[in-house]
>>> print(open('model06.txt').read())   # compact mmCIF, C-alpha atoms
# COMPACT_ATOMS: atom_id res chain seq x y z
CA MET A 208 34.78 -29.66 -69.63
CA THR A 209 32.26 -31.07 -67.20
CA VAL A 210 32.33 -30.54 -63.44
CA PRO A 211 32.20 -33.72 -61.36
CA ARG A 212 28.83 -34.24 -59.66
CA THR A 213 30.33 -34.31 -56.18
CA ARG A 214 31.97 -30.90 -56.67
CA THR A 215 28.66 -29.44 -57.91
CA ILE A 216 26.96 -30.48 -54.69
CA LEU A 217 29.72 -28.95 -52.58
CA LEU A 218 29.51 -25.68 -54.51
CA VAL A 219 25.76 -25.47 -53.99
CA LEU A 220 26.17 -26.12 -50.27
CA ALA A 221 28.79 -23.40 -50.05
CA PHE A 222 26.43 -20.84 -51.60
CA ALA A 223 23.62 -22.04 -49.36
CA SER A 224 25.75 -21.46 -46.27
CA LEU A 225 26.45 -17.89 -47.37
CA ALA A 226 22.74 -17.20 -47.94
CA GLY A 227 21.37 -18.38 -44.59
CA PRO A 228 23.47 -19.06 -41.48
CA ALA A 229 22.35 -21.92 -39.32
CA GLU A 230 23.78 -20.40 -36.13
CA PRO A 231 22.03 -17.51 -34.21
CA SER A 232 23.14 -14.05 -35.31
CA LEU A 233 26.13 -12.55 -33.53
CA ARG A 234 24.08 -9.36 -33.25
CA GLU A 235 21.79 -11.01 -30.71
CA THR A 236 23.94 -10.17 -27.70
CA PRO A 237 23.05 -10.87 -24.05
CA ALA A 238 21.97 -7.21 -23.78
CA VAL A 239 19.48 -7.69 -26.62
CA VAL A 240 18.08 -10.79 -24.92
CA ALA A 241 17.82 -8.98 -21.57
CA VAL A 242 15.96 -6.02 -23.09
CA ARG A 243 13.60 -8.31 -24.99
CA LYS A 244 12.87 -10.14 -21.74
CA ALA A 245 12.24 -7.14 -19.48
CA SER A 246 11.00 -4.31 -21.72
CA PRO A 247 7.33 -5.45 -21.85
CA ALA A 248 7.21 -4.82 -18.08
CA VAL A 249 8.44 -1.21 -18.31
CA VAL A 250 5.61 1.33 -18.22
CA ASN A 251 5.08 5.03 -18.79
CA VAL A 252 3.68 6.84 -15.74
CA SER A 253 1.77 10.05 -16.47
CA THR A 254 0.38 12.11 -13.60
CA GLU A 255 -2.02 15.00 -13.32
CA ILE A 256 -1.52 17.30 -10.36
CA VAL A 257 -4.33 19.67 -9.40
CA THR A 258 -3.09 22.44 -7.13
CA VAL A 259 -5.42 24.81 -5.32
CA GLU A 260 -3.45 27.98 -4.70
CA ARG A 261 -4.63 30.37 -2.03
CA SER A 262 -1.46 31.91 -0.67
CA PRO A 263 0.23 35.00 -2.11
CA PHE A 264 3.44 33.66 -0.56
CA GLY A 265 3.72 30.85 -3.11
CA ARG A 266 3.00 27.22 -2.30
CA SER A 267 4.21 27.13 1.31
CA PRO A 268 2.15 24.53 3.19
CA PHE A 269 2.27 26.62 6.36
CA PHE A 270 1.33 30.04 4.97
CA ASP A 271 -1.34 28.48 2.75
CA SER A 272 -3.27 27.10 5.73
CA PHE A 273 -2.29 30.00 8.01
CA LEU A 274 -3.80 32.67 5.76
CA ARG A 275 -6.83 30.49 5.03
CA ASP A 276 -7.73 30.68 8.71
CA PHE A 277 -7.92 34.48 8.59
CA PHE A 278 -8.90 35.46 5.05
CA GLY A 279 -11.08 32.55 3.99
CA ASP A 280 -10.86 30.45 0.87
CA GLN A 281 -9.99 32.18 -2.38
CA PRO A 282 -8.85 29.17 -4.38
CA ARG A 283 -7.22 29.20 -7.79
CA GLU A 284 -7.03 25.80 -9.46
CA ARG A 285 -3.93 24.93 -11.43
CA LYS A 286 -3.24 21.70 -13.32
CA ASP A 287 0.23 20.35 -13.95
CA GLN A 288 1.37 17.17 -15.66
CA SER A 289 4.52 15.13 -15.28
CA LEU A 290 5.98 12.03 -16.86
CA GLY A 291 8.04 9.21 -15.42
CA SER A 292 8.58 5.51 -15.66
CA GLY A 293 7.81 2.39 -13.68
CA VAL A 294 8.21 -1.36 -13.81
CA LEU A 295 5.67 -4.14 -13.29
CA ILE A 296 7.02 -6.50 -10.64
CA ARG A 297 4.04 -8.85 -10.36
CA PRO A 298 1.55 -10.25 -12.92
CA ASP A 299 -1.32 -8.82 -10.85
CA GLY A 300 -0.48 -5.26 -11.95
CA THR A 301 1.80 -4.17 -9.10
CA ILE A 302 4.17 -1.43 -10.29
CA LEU A 303 7.28 -0.03 -8.64
CA THR A 304 8.27 3.58 -9.27
CA ASN A 305 9.71 6.64 -7.52
CA GLU A 306 7.75 8.63 -4.97
CA HIS A 307 8.68 11.89 -6.64
CA VAL A 308 7.13 10.66 -9.90
CA VAL A 309 3.65 10.42 -8.32
CA ALA A 310 3.91 12.94 -5.46
CA ASN A 311 0.70 14.98 -5.03
CA ALA A 312 -0.86 13.35 -8.10
CA SER A 313 -4.62 13.70 -8.48
CA ARG A 314 -4.68 11.13 -11.27
CA ILE A 315 -2.14 8.53 -12.40
CA LEU A 316 -2.20 6.95 -15.85
CA VAL A 317 -0.02 3.98 -16.77
CA THR A 318 0.72 3.01 -20.37
CA LEU A 319 2.17 -0.41 -21.16
CA ALA A 320 4.61 -1.17 -23.94
CA SER A 321 1.66 -2.69 -25.85
CA GLY A 322 -0.10 0.68 -25.80
CA GLU A 323 -2.74 -0.39 -23.27
CA GLU A 324 -3.61 2.38 -20.84
CA PHE A 325 -4.78 1.97 -17.26
CA GLU A 326 -5.72 4.31 -14.47
CA ALA A 327 -3.52 3.38 -11.51
CA LYS A 328 -4.20 3.35 -7.80
CA LEU A 329 -1.47 4.47 -5.42
CA LEU A 330 -0.94 1.68 -2.88
CA GLY A 331 1.64 3.63 -0.90
CA ALA A 332 4.57 6.02 -1.15
CA ASP A 333 7.58 6.80 1.00
CA SER A 334 9.42 10.09 0.49
CA ARG A 335 12.35 9.15 2.72
CA THR A 336 13.42 6.38 0.34
CA ASP A 337 11.76 7.85 -2.79
CA LEU A 338 9.78 4.68 -3.47
CA ALA A 339 6.13 4.23 -4.44
CA VAL A 340 3.94 1.27 -5.40
CA LEU A 341 1.05 1.52 -7.87
CA LYS A 342 -1.61 -1.02 -8.86
CA VAL A 343 -3.56 -1.44 -12.08
CA SER A 344 -6.43 -3.85 -12.66
CA SER A 345 -6.43 -6.17 -15.63
CA ASP A 346 -8.54 -9.16 -16.64
CA VAL A 347 -5.41 -11.03 -17.74
CA PRO A 348 -1.97 -11.42 -16.15
CA LEU A 349 0.37 -8.64 -17.16
CA PRO A 350 4.03 -8.97 -18.19
CA TYR A 351 6.40 -8.41 -15.30
CA ALA A 352 10.12 -8.21 -14.74
CA GLU A 353 12.00 -10.64 -12.56
CA VAL A 354 13.42 -8.99 -9.44
CA GLY A 355 17.04 -9.88 -8.83
CA THR A 356 19.51 -8.90 -6.13
CA SER A 357 21.84 -5.94 -5.79
CA GLY A 358 23.91 -7.59 -3.10
CA ASP A 359 26.44 -9.15 -5.47
CA LEU A 360 26.91 -6.28 -7.93
CA MET A 361 30.41 -5.81 -9.30
CA ILE A 362 31.94 -2.51 -10.33
CA GLY A 363 32.36 -2.63 -14.10
CA GLU A 364 29.60 -5.12 -14.82
CA THR A 365 27.15 -4.30 -17.60
CA VAL A 366 23.80 -2.74 -16.69
CA ILE A 367 20.84 -1.60 -18.76
CA ALA A 368 18.44 1.26 -18.07
CA ILE A 369 14.97 1.34 -19.64
CA GLY A 370 12.57 4.25 -19.29
CA ASN A 371 10.69 7.06 -20.95
CA PRO A 372 13.05 10.06 -21.02
CA PHE A 373 11.37 13.29 -22.12
CA GLY A 374 8.22 11.26 -22.81
CA LEU A 375 9.92 9.08 -25.43
CA ALA A 376 8.60 5.59 -24.87
CA HIS A 377 10.94 2.71 -24.12
CA THR A 378 14.38 4.14 -24.52
CA VAL A 379 17.21 1.72 -23.75
CA THR A 380 20.68 2.76 -22.62
CA THR A 381 23.56 0.59 -21.51
CA GLY A 382 26.60 1.14 -19.36
CA VAL A 383 28.39 -0.28 -16.38
CA VAL A 384 28.21 -0.09 -12.62
CA SER A 385 30.50 2.87 -11.97
CA ALA A 386 30.43 2.76 -8.16
CA LEU A 387 28.44 1.34 -5.26
CA LYS A 388 27.13 2.68 -1.95
CA ARG A 389 27.02 6.30 -3.06
CA THR A 390 25.42 8.82 -0.69
CA ILE A 391 23.25 11.53 -2.27
CA ARG A 392 22.05 14.62 -0.42
CA GLY A 393 18.69 15.88 -1.62
CA GLY A 394 16.26 18.60 -0.63
CA ASN A 395 14.90 19.17 2.88
CA ASP A 396 18.20 17.91 4.32
CA ARG A 397 17.38 14.39 3.17
CA VAL A 398 20.18 11.91 2.62
CA TYR A 399 19.77 8.88 0.38
CA SER A 400 22.31 6.16 1.04
CA ASP A 401 23.79 3.19 -0.81
CA PHE A 402 22.88 4.30 -4.35
CA ILE A 403 24.23 2.48 -7.39
CA GLN A 404 26.16 4.85 -9.65
CA THR A 405 26.06 4.06 -13.37
CA ASP A 406 27.13 5.67 -16.61
CA ALA A 407 24.07 4.31 -18.42
CA SER A 408 22.33 7.50 -19.58
CA ILE A 409 19.48 8.53 -17.28
CA ASN A 410 17.44 11.58 -18.28
CA PRO A 411 14.28 13.33 -17.03
CA GLY A 412 11.45 10.83 -17.46
CA ASN A 413 13.69 7.84 -16.69
CA SER A 414 12.86 8.15 -13.00
CA GLY A 415 11.15 5.03 -11.73
CA GLY A 416 12.34 2.82 -14.57
CA PRO A 417 14.37 -0.33 -13.90
CA LEU A 418 18.11 -0.78 -13.91
CA LEU A 419 18.75 -4.32 -15.17
CA ASN A 420 21.67 -6.67 -15.05
CA ILE A 421 22.76 -8.58 -18.13
CA GLU A 422 20.30 -11.37 -17.22
CA GLY A 423 17.37 -8.94 -17.52
CA LYS A 424 16.66 -8.91 -13.77
CA VAL A 425 15.80 -5.72 -11.89
CA ILE A 426 18.71 -4.76 -9.67
CA GLY A 427 17.84 -1.10 -9.12
CA LEU A 428 15.37 1.71 -9.72
CA ASN A 429 16.66 4.67 -11.74
CA THR A 430 16.18 7.75 -9.63
CA ALA A 431 18.56 10.67 -10.04
CA ILE A 432 21.09 12.32 -12.29
CA PHE A 433 24.05 14.53 -11.52
CA GLN A 434 23.03 17.62 -13.44
CA ARG A 435 26.49 19.16 -13.75
CA ALA A 436 28.03 16.11 -15.43
CA GLU A 437 27.31 13.55 -18.12
CA GLY A 438 27.40 9.83 -17.52
CA ILE A 439 26.61 9.99 -13.80
CA GLY A 440 23.27 8.50 -12.82
CA PHE A 441 22.00 6.89 -9.65
CA ALA A 442 19.66 4.02 -8.87
CA ILE A 443 18.15 2.70 -5.64
CA PRO A 444 19.48 -0.83 -5.00
CA ILE A 445 16.65 -3.33 -5.24
CA ASP A 446 17.70 -5.07 -2.01
CA LYS A 447 17.19 -1.81 -0.12
CA ALA A 448 13.82 -1.31 -1.80
CA LYS A 449 12.42 -4.77 -1.03
CA PRO A 450 11.43 -4.30 2.65
CA ILE A 451 10.01 -0.85 1.91
CA VAL A 452 7.97 -2.22 -1.00
CA GLN A 453 6.64 -5.07 1.15
CA ASP A 454 5.34 -2.58 3.73
CA LEU A 455 3.82 -0.32 1.07
CA ILE A 456 1.98 -3.26 -0.50
CA ALA A 457 0.78 -4.70 2.80
CA PHE A 458 0.01 -1.53 4.77
CA GLY A 459 0.20 1.45 2.42
CA VAL A 460 2.82 3.03 4.68
CA VAL A 461 6.27 2.11 5.93
CA HIS A 462 6.53 0.92 9.52
CA ARG A 463 9.79 2.73 10.09
CA ALA A 464 12.57 1.24 12.17
CA TRP A 465 13.16 3.13 15.42
CA LEU A 466 16.16 2.57 17.70
CA GLY A 467 15.49 5.24 20.31
CA LEU A 468 18.78 7.09 19.93
CA GLN A 469 19.26 10.84 19.94
CA THR A 470 22.50 11.81 18.29
CA GLU A 471 24.62 14.77 17.28
CA ASP A 472 27.33 15.37 14.71
CA LEU A 473 30.95 15.59 15.77
CA SER A 474 32.28 19.10 16.09
CA SER A 475 35.95 19.66 15.32
CA ASP A 476 36.72 19.56 19.06
CA LEU A 477 34.77 16.32 19.57
CA ALA A 478 36.37 14.74 16.50
CA ALA A 479 39.81 15.60 17.90
CA TYR A 480 38.85 14.26 21.33
CA PHE A 481 37.75 10.91 19.88
CA GLY A 482 40.58 10.80 17.33
CA ARG A 483 38.11 10.89 14.46
CA GLU A 484 39.33 13.91 12.46
CA GLY A 485 38.15 13.45 8.90
CA LYS A 486 36.75 9.98 9.66
CA GLY A 487 33.20 10.83 10.73
CA GLY A 488 30.94 9.17 13.24
CA VAL A 489 27.87 10.19 15.23
CA LEU A 490 27.78 10.82 18.98
CA VAL A 491 24.94 9.26 20.99
CA ARG A 492 23.56 12.01 23.24
CA ARG A 493 20.63 10.08 24.71
CA VAL A 494 19.31 6.52 24.73
CA PHE A 495 15.60 6.50 25.49
CA GLU A 496 14.38 4.23 28.23
CA GLY A 497 12.75 1.04 26.97
CA SER A 498 14.02 1.59 23.43
CA PRO A 499 15.61 -1.00 21.10
CA GLY A 500 18.89 0.89 21.46
CA GLU A 501 18.84 0.48 25.22
CA ALA A 502 18.05 -3.24 24.88
CA ALA A 503 21.00 -3.59 22.49
CA GLY A 504 23.37 -2.07 25.04
CA VAL A 505 23.99 1.27 23.32
CA ARG A 506 25.18 3.88 25.84
CA ARG A 507 25.28 7.62 26.01
CA GLY A 508 28.71 8.78 24.80
CA ASP A 509 29.11 5.95 22.28
CA LEU A 510 30.05 6.86 18.73
CA VAL A 511 28.07 5.17 15.94
CA LEU A 512 30.64 4.30 13.28
CA ARG A 513 28.73 1.90 11.03
CA VAL A 514 25.15 0.77 10.43
CA GLY A 515 24.69 -2.57 8.71
CA GLY A 516 28.42 -2.60 8.06
CA GLU A 517 28.33 0.71 6.20
CA PRO A 518 30.07 3.82 7.60
CA VAL A 519 28.13 6.86 8.80
CA ARG A 520 29.76 10.27 8.68
CA ASP A 521 27.04 12.36 10.31
CA GLY A 522 23.50 12.32 11.65
CA ALA A 523 21.94 12.92 8.23
CA GLU A 524 23.71 9.86 6.83
CA LEU A 525 22.69 7.83 9.90
CA SER A 526 19.06 8.81 9.30
CA GLY A 527 19.39 7.93 5.62
CA ARG A 528 20.78 4.48 6.36
CA LEU A 529 18.11 3.75 8.98
CA ALA A 530 15.42 4.75 6.44
CA GLY A 531 16.16 1.51 4.60
CA PHE A 532 15.15 -0.60 7.62
CA THR A 533 11.60 -1.39 8.65
CA ALA A 534 10.11 -2.37 12.00
CA GLY A 535 11.17 -5.91 12.90
CA SER A 536 14.55 -5.56 11.19
CA THR A 537 17.75 -6.42 12.98
CA VAL A 538 20.15 -3.48 12.72
CA ALA A 539 23.86 -4.19 13.19
CA LEU A 540 25.72 -1.29 14.82
CA THR A 541 29.43 -0.73 15.18
CA LEU A 542 30.19 1.59 18.11
CA LEU A 543 33.31 3.23 19.44
CA ARG A 544 33.41 3.06 23.24
CA ARG A 545 36.45 4.14 25.24
CA GLY A 546 38.69 3.76 22.24
CA GLU A 547 37.52 0.26 21.31
CA GLU A 548 35.03 -0.86 18.67
CA VAL A 549 31.97 -2.66 20.04
CA GLU A 550 29.39 -4.56 17.99
CA ALA A 551 25.71 -4.30 18.89
CA SER A 552 22.57 -5.77 17.36
CA ALA A 553 19.30 -3.87 17.79
CA SER A 554 15.85 -5.31 17.08
CA ALA A 555 14.18 -2.24 15.59
CA ARG A 556 10.52 -1.49 16.17
CA GLU A 557 8.10 1.20 15.13
CA ILE A 558 7.88 4.25 17.34
CA THR A 559 4.65 4.35 19.39
CA ASP A 560 2.52 7.31 20.50
CA ASP A 561 3.94 6.90 24.02
CA ASP A 562 7.48 6.96 22.58
CA VAL A 563 6.64 10.17 20.71
CA ALA A 564 5.29 11.79 23.87
CA ARG A 565 8.41 10.85 25.86
CA LEU A 566 10.69 11.96 23.02
CA CYS A 567 8.92 15.29 22.69
CA ASP A 568 9.06 15.94 26.42
CA ALA A 569 12.68 14.85 26.88
CA TRP A 570 14.00 16.54 23.75
CA VAL A 571 11.89 19.67 23.20
CA GLY A 572 10.24 19.96 26.62
CA LEU A 573 6.59 20.10 25.68
CA THR A 574 3.48 17.95 25.27
CA VAL A 575 1.08 18.38 22.36
CA VAL A 576 -2.40 17.08 21.57
CA SER A 577 -4.46 17.09 18.39
CA ASN A 578 -6.52 20.22 17.88
CA SER A 579 -10.27 20.02 18.50
CA ALA A 580 -13.36 22.18 18.89
CA GLU A 581 -13.03 21.87 22.65
CA LEU A 582 -9.46 23.21 22.59
CA VAL A 583 -10.41 26.01 20.18
CA ALA A 584 -13.01 27.13 22.72
CA ARG A 585 -10.76 26.67 25.79
CA TYR A 586 -7.80 28.61 24.44
CA ARG A 587 -9.80 30.85 22.07
CA LEU A 588 -7.72 29.62 19.17
CA ALA A 589 -7.88 31.22 15.76
CA THR A 590 -7.42 27.86 14.03
CA ASN A 591 -8.66 24.29 14.32
CA ARG A 592 -5.50 22.91 12.68
CA GLY A 593 -2.08 21.91 13.95
CA LEU A 594 -1.06 20.47 17.33
CA VAL A 595 -1.94 22.32 20.53
CA VAL A 596 0.65 22.64 23.32
CA SER A 597 -0.95 21.25 26.47
CA ARG A 598 2.07 21.32 28.80
CA VAL A 599 5.49 22.94 28.85
CA ARG A 600 8.21 21.42 31.03
CA ALA A 601 9.76 24.00 33.36
CA GLY A 602 13.34 24.79 32.38
CA GLY A 603 13.13 22.87 29.09
CA PRO A 604 14.07 24.24 25.66
CA ALA A 605 10.45 25.10 24.82
CA ALA A 606 9.97 26.99 28.10
CA GLN A 607 13.20 28.91 27.57
CA ALA A 608 11.96 29.90 24.10
CA GLY A 609 8.72 31.27 25.59
CA ILE A 610 6.29 28.63 24.32
CA GLU A 611 3.11 28.44 26.41
CA PRO A 612 0.11 26.08 26.75
CA GLY A 613 -2.43 27.01 24.09
CA ASP A 614 0.19 27.76 21.45
CA VAL A 615 -0.30 25.82 18.22
CA VAL A 616 2.56 23.99 16.50
CA ARG A 617 2.10 24.42 12.74
CA GLN A 618 5.47 23.29 11.38
CA VAL A 619 8.45 21.22 12.50
CA ASN A 620 11.58 22.03 10.50
CA ALA A 621 10.43 21.98 6.85
CA THR A 622 7.31 19.88 7.48
CA ALA A 623 3.83 21.30 8.01
CA VAL A 624 2.05 19.36 10.77
CA GLU A 625 -1.72 19.23 10.53
CA GLY A 626 -2.15 16.11 12.66
CA ALA A 627 -0.49 13.65 15.02
CA ALA A 628 0.93 11.38 12.30
CA ALA A 629 2.73 14.22 10.50
CA PHE A 630 4.02 15.55 13.82
CA ARG A 631 5.36 12.12 14.79
CA ASP A 632 7.23 11.68 11.50
CA ALA A 633 8.65 15.22 11.58
CA LEU A 634 9.73 14.89 15.21
CA LEU A 635 11.34 11.50 14.60
CA ALA A 636 13.31 12.80 11.64
CA GLY A 637 14.23 15.99 13.47
CA SER A 638 15.49 14.18 16.56
CA GLN A 639 18.64 13.28 14.64
CA ARG A 640 19.46 16.98 14.29
CA GLU A 641 21.10 19.28 16.81
CA THR A 642 18.43 21.98 16.45
CA VAL A 643 14.73 22.01 15.69
CA VAL A 644 12.84 24.85 14.01
CA LEU A 645 9.19 25.26 15.09
CA VAL A 646 6.56 27.50 13.52
CA ILE A 647 4.23 28.48 16.36
CA GLN A 648 0.88 30.21 16.09
CA ARG A 649 -0.40 32.27 19.01
CA GLY A 650 -3.71 33.95 18.33
CA ARG A 651 -3.45 35.47 14.87
CA THR A 652 0.33 35.71 14.96
CA GLY A 653 2.78 33.16 13.61
CA TYR A 654 6.44 33.12 14.54
CA THR A 655 9.48 30.90 14.09
CA LEU A 656 11.62 29.54 16.91
CA THR A 657 14.89 27.64 16.72
CA LEU A 658 15.47 25.36 19.69
CA ALA A 659 18.78 23.72 20.58
CA PRO A 660 17.72 20.85 22.87
>>> encode(input="model06.txt", output="structure tokens")
Amino acid sequence: MTVPRTRTILLVLAFASLAGPAEPSLRETPAVVAVRKASPAVVNVSTEIVTVERSPFGRSPFFDSFLRDFFGDQPRERKDQSLGSGVLIRPDGTILTNEHVVANASRILVTLASGEEFEAKLLGADSRTDLAVLKVSSDVPLPYAEVGTSGDLMIGETVIAIGNPFGLAHTVTTGVVSALKRTIRGGNDRVYSDFIQTDASINPGNSGGPLLNIEGKVIGLNTAIFQRAEGIGFAIPIDKAKPIVQDLIAFGVVHRAWLGLQTEDLSSDLAAYFGREGKGGVLVRRVFEGSPGEAAGVRRGDLVLRVGGEPVRDGAELSGRLAGFTAGSTVALTLLRRGEEVEASASAREITDDDVARLCDAWVGLTVVSNSAELVARYRLATNRGLVVSRVRAGGPAAQAGIEPGDVVRQVNATAVEGAAAFRDALLAGSQRETVVLVIQRGRTGYTLTLAP
């Protein structure tokens, strides 16, 4: 029996359709497309850290320089290496990563997905937001990832993390946005606000790698893990990173937003007085004259409830939220005044040297100047480092603690201060706290004082 010709043709076509589908494979999901699009821009960041150890007290920045003044240099060189991740955000070789990935690095090597290796230059880093920008030079444009927005993220939407955990190149994990606007408390009393929480696996070495949406756009920077649990990772929202990155690229430093407010946390009595038990808020103790806060109408006795629409529970969280703003930003404040909420809009600016001097005098009660050979001779100082106290305000906190002209300020809270810039940053951060801890050197003696301005 013969098979009709038409049926033979149909049978052949049927077998042909089984052998090679005309439609794209169902395996090529949107996640696959997103990874293929962004992964060439993800880089391995390898750092070499050369540490010169002189102090028998460990690696304390204060005692290291303090003992060097008296016992001379007896250096011991130690080399450490660390691994992290980063993401190219421009074809000119600009790379975004975490500050802690490159902190104190003597040398930074970047390896692309193609295997090409470059020595990177650090354009700038900011420890308060844990962001850093690197630059590599290439004769040809480099692959880069498209930067998206984190402002429209939805809880439950798919996200993808790419990085180099444990030194394993280009590891991809997927998950969802588990929560938004998480507050994380880190070392040195630092508070990082507005983190994206995800269950996409993030491991050591992932730090600095991108968190992508399903379109392959960068919507965050993988930064931290919750060590006591699985499936809890955190990423810096890209919208919060953008103004910081712009400053780091343009200036190498962040021109930090300053409002000119000195605040304190609510005690249980104050919380009861304001009817804020368990609700949080920060009390404004002082508004500095000529400051953006004064221009915005903020008054002493106001409670700061929200910054940029986000609640603040205490001074550390207020400082963390303000860290995401740069000079020139408009900061929306929600205040509680006499039982009613008041909206204020402050045009933030960078703190000036004159502002620092007024802040230091009004808050701590002293004036400092950079150390010099002339001051070493005048006060017979045992060191040419630190900031020298030139005036102590009568009756102020510093005077009550016994600080005198000629004393040398070596540390403010946890920060060693070798020069005016470090002192300014430490004082500005410390002004949000109710107490300040100073390490003072007088002659060959160093001592610690806690002031409650």
>>> closest_residue(input="model06.txt", among="A:Ser474, A:Ser357, A:Ser552, A:Ser579", to="A:Glu641", atoms="all atoms listed in the file")
A:Ser474
>>> closest_residue(input="model06.txt", among="A:Arg592, A:Lys424, A:Arg492, A:His377", to="A:Ala241", atoms="all atoms listed in the file")
A:Lys424
>>> residues_around(input="model06.txt", residues="A:Leu375", least_positions_apart="3", cutoff="12 Å", atoms="all atoms listed in the file", output="JSON list (two decimals) with C-alpha atoms, keeping the file's coordinate frame")
[["chain", "number", "residue", "atom", "x", "y", "z"],
["A", 250, "VAL", "CA", 5.61, 1.33, -18.22],
["A", 251, "ASN", "CA", 5.08, 5.03, -18.79],
["A", 252, "VAL", "CA", 3.68, 6.84, -15.74],
["A", 290, "LEU", "CA", 5.98, 12.03, -16.86],
["A", 291, "GLY", "CA", 8.04, 9.21, -15.42],
["A", 292, "SER", "CA", 8.58, 5.51, -15.66],
["A", 320, "ALA", "CA", 4.61, -1.17, -23.94],
["A", 369, "ILE", "CA", 14.97, 1.34, -19.64],
["A", 370, "GLY", "CA", 12.57, 4.25, -19.29],
["A", 371, "ASN", "CA", 10.69, 7.06, -20.95],
["A", 372, "PRO", "CA", 13.05, 10.06, -21.02],
["A", 378, "THR", "CA", 14.38, 4.14, -24.52],
["A", 379, "VAL", "CA", 17.21, 1.72, -23.75],
["A", 410, "ASN", "CA", 17.44, 11.58, -18.28],
["A", 411, "PRO", "CA", 14.28, 13.33, -17.03],
["A", 412, "GLY", "CA", 11.45, 10.83, -17.46],
["A", 413, "ASN", "CA", 13.69, 7.84, -16.69]]
>>> residues_around(input="model06.txt", residues="stretch 598-612 of chain A", least_positions_apart="2", cutoff="9 Å", atoms="all atoms listed in the file", output="MDAnalysis selection string")
chainID A and resid 568:575 586 595:596 614:615 647 656:660
>>> atom_distance(input="model06.txt", atom1="atom CA of A:Leu566", atom2="atom CA of A:Gly487")
25.7 Å
>>> atom_distance(input="model06.txt", atom1="atom CA of A:Ala327", atom2="atom CA of A:Ile256")
14.1 Å
>>> residues_around(input="model06.txt", residues="A:Val452", least_positions_apart="5", cutoff="9 Å", atoms="all atoms listed in the file", output="VMD selection string")
chain A and resid 303 331 to 332 338 to 340 457 461
>>> atom_distance(input="model06.txt", atom1="atom CA of A:Tyr399", atom2="atom CA of A:Glu625")
25.9 Å
>>> residues_near_point(input="model06.txt", point="(12.7, 4.8, 26.7)", cutoff="12 Å", atoms="all atoms listed in the file", output="list in words")
Trp465, Leu466, Gly467, Leu468, Gln469, Arg493, Val494, Phe495, Glu496, Gly497, Ser498, Pro499, Gly500, Glu501, Ala502, Ile558, Thr559, Asp561, Asp562, Val563, Ala564, Arg565, Leu566, Cys567, Asp568 and Ala569 of chain A
>>> residues_near_point(input="model06.txt", point="(40.5, 10.4, 23.0)", cutoff="12 Å", atoms="only C-alpha atoms", output="ChimeraX atom specification")
/A:476-484,510,543-547
>>> build_atoms(input="model06.txt", residues="stretch 574-585 of chain A", atoms="N, CA and C atoms", output="PDB file, in the frame of the given file")
ATOM      1  N   THR A 574       4.456  18.987  25.605  1.00  0.00           N
ATOM      2  CA  THR A 574       3.480  17.950  25.270  1.00  0.00           C
ATOM      3  C   THR A 574       2.436  18.573  24.367  1.00  0.00           C
ATOM      4  N   VAL A 575       2.082  17.864  23.292  1.00  0.00           N
ATOM      5  CA  VAL A 575       1.080  18.380  22.360  1.00  0.00           C
ATOM      6  C   VAL A 575      -0.059  17.388  22.220  1.00  0.00           C
ATOM      7  N   VAL A 576      -1.217  17.913  21.849  1.00  0.00           N
ATOM      8  CA  VAL A 576      -2.400  17.080  21.570  1.00  0.00           C
ATOM      9  C   VAL A 576      -3.032  17.576  20.285  1.00  0.00           C
ATOM     10  N   SER A 577      -3.791  16.708  19.628  1.00  0.00           N
ATOM     11  CA  SER A 577      -4.460  17.090  18.390  1.00  0.00           C
ATOM     12  C   SER A 577      -5.488  18.187  18.667  1.00  0.00           C
ATOM     13  N   ASN A 578      -5.575  19.117  17.735  1.00  0.00           N
ATOM     14  CA  ASN A 578      -6.520  20.220  17.880  1.00  0.00           C
ATOM     15  C   ASN A 578      -7.963  19.694  17.825  1.00  0.00           C
ATOM     16  N   SER A 579      -8.868  20.424  18.464  1.00  0.00           N
ATOM     17  CA  SER A 579     -10.270  20.020  18.500  1.00  0.00           C
ATOM     18  C   SER A 579     -11.125  21.245  18.781  1.00  0.00           C
ATOM     19  N   ALA A 580     -12.436  21.084  18.606  1.00  0.00           N
ATOM     20  CA  ALA A 580     -13.360  22.180  18.890  1.00  0.00           C
ATOM     21  C   ALA A 580     -13.298  22.584  20.353  1.00  0.00           C
ATOM     22  N   GLU A 581     -13.104  21.583  21.218  1.00  0.00           N
ATOM     23  CA  GLU A 581     -13.030  21.870  22.650  1.00  0.00           C
ATOM     24  C   GLU A 581     -11.807  22.728  22.993  1.00  0.00           C
ATOM     25  N   LEU A 582     -10.668  22.436  22.345  1.00  0.00           N
ATOM     26  CA  LEU A 582      -9.460  23.210  22.590  1.00  0.00           C
ATOM     27  C   LEU A 582      -9.558  24.606  21.965  1.00  0.00           C
ATOM     28  N   VAL A 583     -10.206  24.702  20.812  1.00  0.00           N
ATOM     29  CA  VAL A 583     -10.410  26.010  20.180  1.00  0.00           C
ATOM     30  C   VAL A 583     -11.181  26.919  21.132  1.00  0.00           C
ATOM     31  N   ALA A 584     -12.213  26.336  21.778  1.00  0.00           N
ATOM     32  CA  ALA A 584     -13.010  27.130  22.720  1.00  0.00           C
ATOM     33  C   ALA A 584     -12.223  27.450  23.993  1.00  0.00           C
ATOM     34  N   ARG A 585     -11.480  26.471  24.529  1.00  0.00           N
ATOM     35  CA  ARG A 585     -10.760  26.670  25.790  1.00  0.00           C
ATOM     36  C   ARG A 585      -9.696  27.746  25.677  1.00  0.00           C
TER      37      ARG A 585
END
